[in-house]
>>> print(open('start-v7.pdb').read())   # PDB, C-alpha atoms
ATOM      1  CA  MET B 127       0.000   0.000   0.000  1.00  0.00           C
ATOM      2  CA  LYS B 128       1.238   3.457  -0.896  1.00  0.00           C
ATOM      3  CA  HIS B 129       2.348   5.499   2.129  1.00  0.00           C
ATOM      4  CA  ILE B 130      -0.162   8.223   3.013  1.00  0.00           C
ATOM      5  CA  GLU B 131       0.911  11.344   4.891  1.00  0.00           C
ATOM      6  CA  LEU B 132      -1.797  12.659   7.214  1.00  0.00           C
ATOM      7  CA  PRO B 133      -1.851  15.713   9.452  1.00  0.00           C
ATOM      8  CA  GLU B 134      -2.422  14.895  13.116  1.00  0.00           C
ATOM      9  CA  ASP B 135      -6.041  16.144  13.074  1.00  0.00           C
ATOM     10  CA  TYR B 136      -6.826  13.802  10.182  1.00  0.00           C
ATOM     11  CA  ALA B 137      -5.280  10.805  11.935  1.00  0.00           C
ATOM     12  CA  ILE B 138      -7.262  11.641  15.087  1.00  0.00           C
ATOM     13  CA  VAL B 139     -10.511  11.671  13.094  1.00  0.00           C
ATOM     14  CA  LEU B 140      -9.644   8.292  11.553  1.00  0.00           C
ATOM     15  CA  GLN B 141      -8.829   6.829  14.957  1.00  0.00           C
ATOM     16  CA  GLN B 142     -12.051   8.115  16.524  1.00  0.00           C
ATOM     17  CA  VAL B 143     -14.179   6.740  13.678  1.00  0.00           C
ATOM     18  CA  HIS B 144     -12.304   3.432  13.882  1.00  0.00           C
ATOM     19  CA  GLU B 145     -12.978   3.117  17.617  1.00  0.00           C
ATOM     20  CA  ALA B 146     -16.681   3.916  17.193  1.00  0.00           C
ATOM     21  CA  GLY B 147     -17.179   1.772  14.092  1.00  0.00           C
ATOM     22  CA  GLU B 148     -19.477   4.417  12.657  1.00  0.00           C
ATOM     23  CA  GLU B 149     -19.780   7.980  13.921  1.00  0.00           C
ATOM     24  CA  ASP B 150     -22.413  10.685  13.578  1.00  0.00           C
ATOM     25  CA  PHE B 151     -20.930  13.910  12.177  1.00  0.00           C
ATOM     26  CA  THR B 152     -22.346  16.146  14.926  1.00  0.00           C
ATOM     27  CA  MET B 153     -21.250  13.850  17.753  1.00  0.00           C
ATOM     28  CA  LEU B 154     -17.811  13.491  16.187  1.00  0.00           C
ATOM     29  CA  ALA B 155     -17.379  17.274  16.028  1.00  0.00           C
ATOM     30  CA  GLU B 156     -18.442  17.585  19.668  1.00  0.00           C
ATOM     31  CA  SER B 157     -16.280  14.734  20.950  1.00  0.00           C
ATOM     32  CA  LEU B 158     -13.188  16.022  19.149  1.00  0.00           C
ATOM     33  CA  ARG B 159     -14.004  19.650  19.951  1.00  0.00           C
ATOM     34  CA  PHE B 160     -13.602  20.613  16.294  1.00  0.00           C
ATOM     35  CA  SER B 161     -15.765  23.239  14.668  1.00  0.00           C
ATOM     36  CA  ARG B 162     -18.262  21.811  12.206  1.00  0.00           C
ATOM     37  CA  GLN B 163     -16.463  23.682   9.421  1.00  0.00           C
ATOM     38  CA  ARG B 164     -13.057  22.242  10.360  1.00  0.00           C
ATOM     39  CA  LEU B 165     -14.436  18.720  10.623  1.00  0.00           C
ATOM     40  CA  ALA B 166     -16.277  19.073   7.298  1.00  0.00           C
ATOM     41  CA  HIS B 167     -12.984  20.064   5.649  1.00  0.00           C
ATOM     42  CA  ILE B 168     -11.177  17.063   7.182  1.00  0.00           C
ATOM     43  CA  ILE B 169     -13.997  14.664   6.246  1.00  0.00           C
ATOM     44  CA  GLU B 170     -14.037  15.912   2.644  1.00  0.00           C
ATOM     45  CA  SER B 171     -10.272  15.474   2.386  1.00  0.00           C
ATOM     46  CA  LEU B 172     -10.352  11.972   3.882  1.00  0.00           C
ATOM     47  CA  GLN B 173     -13.217  11.065   1.579  1.00  0.00           C
ATOM     48  CA  ARG B 174     -11.242  12.259  -1.489  1.00  0.00           C
ATOM     49  CA  LYS B 175      -8.326  10.091  -0.338  1.00  0.00           C
ATOM     50  CA  GLY B 176     -10.726   7.120  -0.181  1.00  0.00           C
ATOM     51  CA  LEU B 177     -10.223   6.601   3.567  1.00  0.00           C
ATOM     52  CA  ILE B 178     -13.778   7.149   4.787  1.00  0.00           C
ATOM     53  CA  LEU B 179     -17.321   6.670   3.574  1.00  0.00           C
ATOM     54  CA  VAL B 180     -20.156   9.073   4.370  1.00  0.00           C
ATOM     55  CA  ARG B 181     -23.774   7.983   4.493  1.00  0.00           C
ATOM     56  CA  ARG B 182     -26.454  10.632   4.783  1.00  0.00           C
ATOM     57  CA  SER B 183     -29.743   9.591   6.363  1.00  0.00           C
ATOM     58  CA  THR B 184     -31.197  13.108   6.332  1.00  0.00           C
ATOM     59  CA  TYR B 185     -30.009  16.482   5.098  1.00  0.00           C
ATOM     60  CA  SER B 186     -28.437  17.357   8.443  1.00  0.00           C
ATOM     61  CA  GLU B 187     -27.397  13.880   9.592  1.00  0.00           C
ATOM     62  CA  ALA B 188     -24.302  12.163   8.206  1.00  0.00           C
ATOM     63  CA  TRP B 189     -22.706   8.934   9.393  1.00  0.00           C
ATOM     64  CA  ILE B 190     -19.008   8.390   8.850  1.00  0.00           C
ATOM     65  CA  ARG B 191     -17.166   5.073   8.742  1.00  0.00           C
ATOM     66  CA  LEU B 192     -13.809   3.832   7.515  1.00  0.00           C
ATOM     67  CA  SER B 193     -13.446   2.396   4.043  1.00  0.00           C
ATOM     68  CA  GLY B 194     -11.339  -0.703   3.491  1.00  0.00           C
ATOM     69  CA  LYS B 195      -8.422   1.547   2.596  1.00  0.00           C
ATOM     70  CA  GLY B 196      -9.008   3.573   5.779  1.00  0.00           C
ATOM     71  CA  GLN B 197      -8.912   0.388   7.848  1.00  0.00           C
ATOM     72  CA  ARG B 198      -5.575  -0.549   6.270  1.00  0.00           C
ATOM     73  CA  VAL B 199      -4.188   2.919   7.050  1.00  0.00           C
ATOM     74  CA  ILE B 200      -5.296   2.585  10.687  1.00  0.00           C
ATOM     75  CA  ARG B 201      -3.557  -0.812  10.901  1.00  0.00           C
ATOM     76  CA  SER B 202      -0.361   0.747   9.585  1.00  0.00           C
ATOM     77  CA  LEU B 203      -0.581   3.770  11.925  1.00  0.00           C
ATOM     78  CA  TRP B 204      -1.571   1.817  15.047  1.00  0.00           C
ATOM     79  CA  PRO B 205      -0.764  -1.882  14.601  1.00  0.00           C
ATOM     80  CA  GLU B 206      -1.259  -2.510  18.323  1.00  0.00           C
ATOM     81  CA  ALA B 207      -4.921  -1.534  17.940  1.00  0.00           C
ATOM     82  CA  HIS B 208      -5.551  -4.612  15.805  1.00  0.00           C
ATOM     83  CA  VAL B 209      -4.667  -7.569  17.938  1.00  0.00           C
ATOM     84  CA  GLU B 210      -7.003 -10.384  16.969  1.00  0.00           C
ATOM     85  CA  PRO B 211      -8.776 -12.127  19.871  1.00  0.00           C
ATOM     86  CA  ALA B 212      -7.586 -15.615  20.686  1.00  0.00           C
ATOM     87  CA  ALA B 213      -9.718 -18.471  19.373  1.00  0.00           C
ATOM     88  CA  PRO B 214     -11.717 -20.311  22.070  1.00  0.00           C
TER      89      PRO B 214
END
>>> encode(input="start-v7.pdb", output="structure tokens")
Amino acid sequence: MKHIELPEDYAIVLQQVHEAGEEDFTMLAESLRFSRQRLAHIIESLQRKGLILVRRSTYSEAWIRLSGKGQRVIRSLWPEAHVEPAAP
């Protein structure tokens, strides 16, 4: 996989979405203490890079989740976050 350079804010957004599985835009902005405008800019950039997917359920509600490529980037940034559970 090609190496992707990400600013710290972008990596933090990816990590937060990864931990939640899927994150509501408004709640994500509040939890990260980012302005809606700043988060919208980051989300658009990550979406252009193919790292996240955005699903809109209403005009004002958007759900964000990692794409397959985004999951691979997270594994490369934080390999310790992906320890597989032991089989029973």
>>> residues_around(input="start-v7.pdb", residues="Leu203 of chain B", least_positions_apart="2", cutoff="12 Å", atoms="all atoms listed in the file", output="PyMOL selection string")
chain B and resi 129-132+134+136-138+140-141+144+196-201+205-208
>>> axis_aligned_box(input="start-v7.pdb", around="segment 154-168 of chain B", padding_each_side="3 Å", output="lines of an AutoDock Vina configuration file")
center_x = -14.8
center_y = 18.6
center_z = 13.3
size_x = 13.3
size_y = 16.2
size_z = 21.3
>>> residues_around(input="start-v7.pdb", residues="segment 158-175 of chain B", least_positions_apart="3", cutoff="8 Å", atoms="only C-alpha atoms", output="PyMOL selection string")
chain B and resi 135-136+139+152+154-155+178-180
>>> write_last_selection(input="start-v7.pdb", atoms="C-alpha atoms", output="mmCIF file, in the coordinates of the input")
data_model
loop_
_atom_site.group_PDB
_atom_site.id
_atom_site.type_symbol
_atom_site.label_atom_id
_atom_site.label_comp_id
_atom_site.auth_asym_id
_atom_site.auth_seq_id
_atom_site.Cartn_x
_atom_site.Cartn_y
_atom_site.Cartn_z
ATOM 1 C CA ASP B 135 -6.041 16.144 13.074
ATOM 2 C CA TYR B 136 -6.826 13.802 10.182
ATOM 3 C CA VAL B 139 -10.511 11.671 13.094
ATOM 4 C CA THR B 152 -22.346 16.146 14.926
ATOM 5 C CA LEU B 154 -17.811 13.491 16.187
ATOM 6 C CA ALA B 155 -17.379 17.274 16.028
ATOM 7 C CA ILE B 178 -13.778 7.149 4.787
ATOM 8 C CA LEU B 179 -17.321 6.670 3.574
ATOM 9 C CA VAL B 180 -20.156 9.073 4.370
#
>>> atom_distance(input="start-v7.pdb", atom1="atom CA of Ser202 of chain B", atom2="atom CA of Arg182 of chain B")
28.3 Å
>>> closest_residue(input="start-v7.pdb", among="B:Trp204, B:Pro133, B:Glu145, B:Ile190", to="Leu177 of chain B", atoms="all atoms listed in the file")
B:Ile190
>>> atom_distance(input="start-v7.pdb", atom1="atom CA of Met153 of chain B", atom2="atom CA of Arg191 of chain B")
13.2 Å
>>> atom_distance(input="start-v7.pdb", atom1="atom CA of Glu148 of chain B", atom2="atom CA of Trp189 of chain B")
6.4 Å
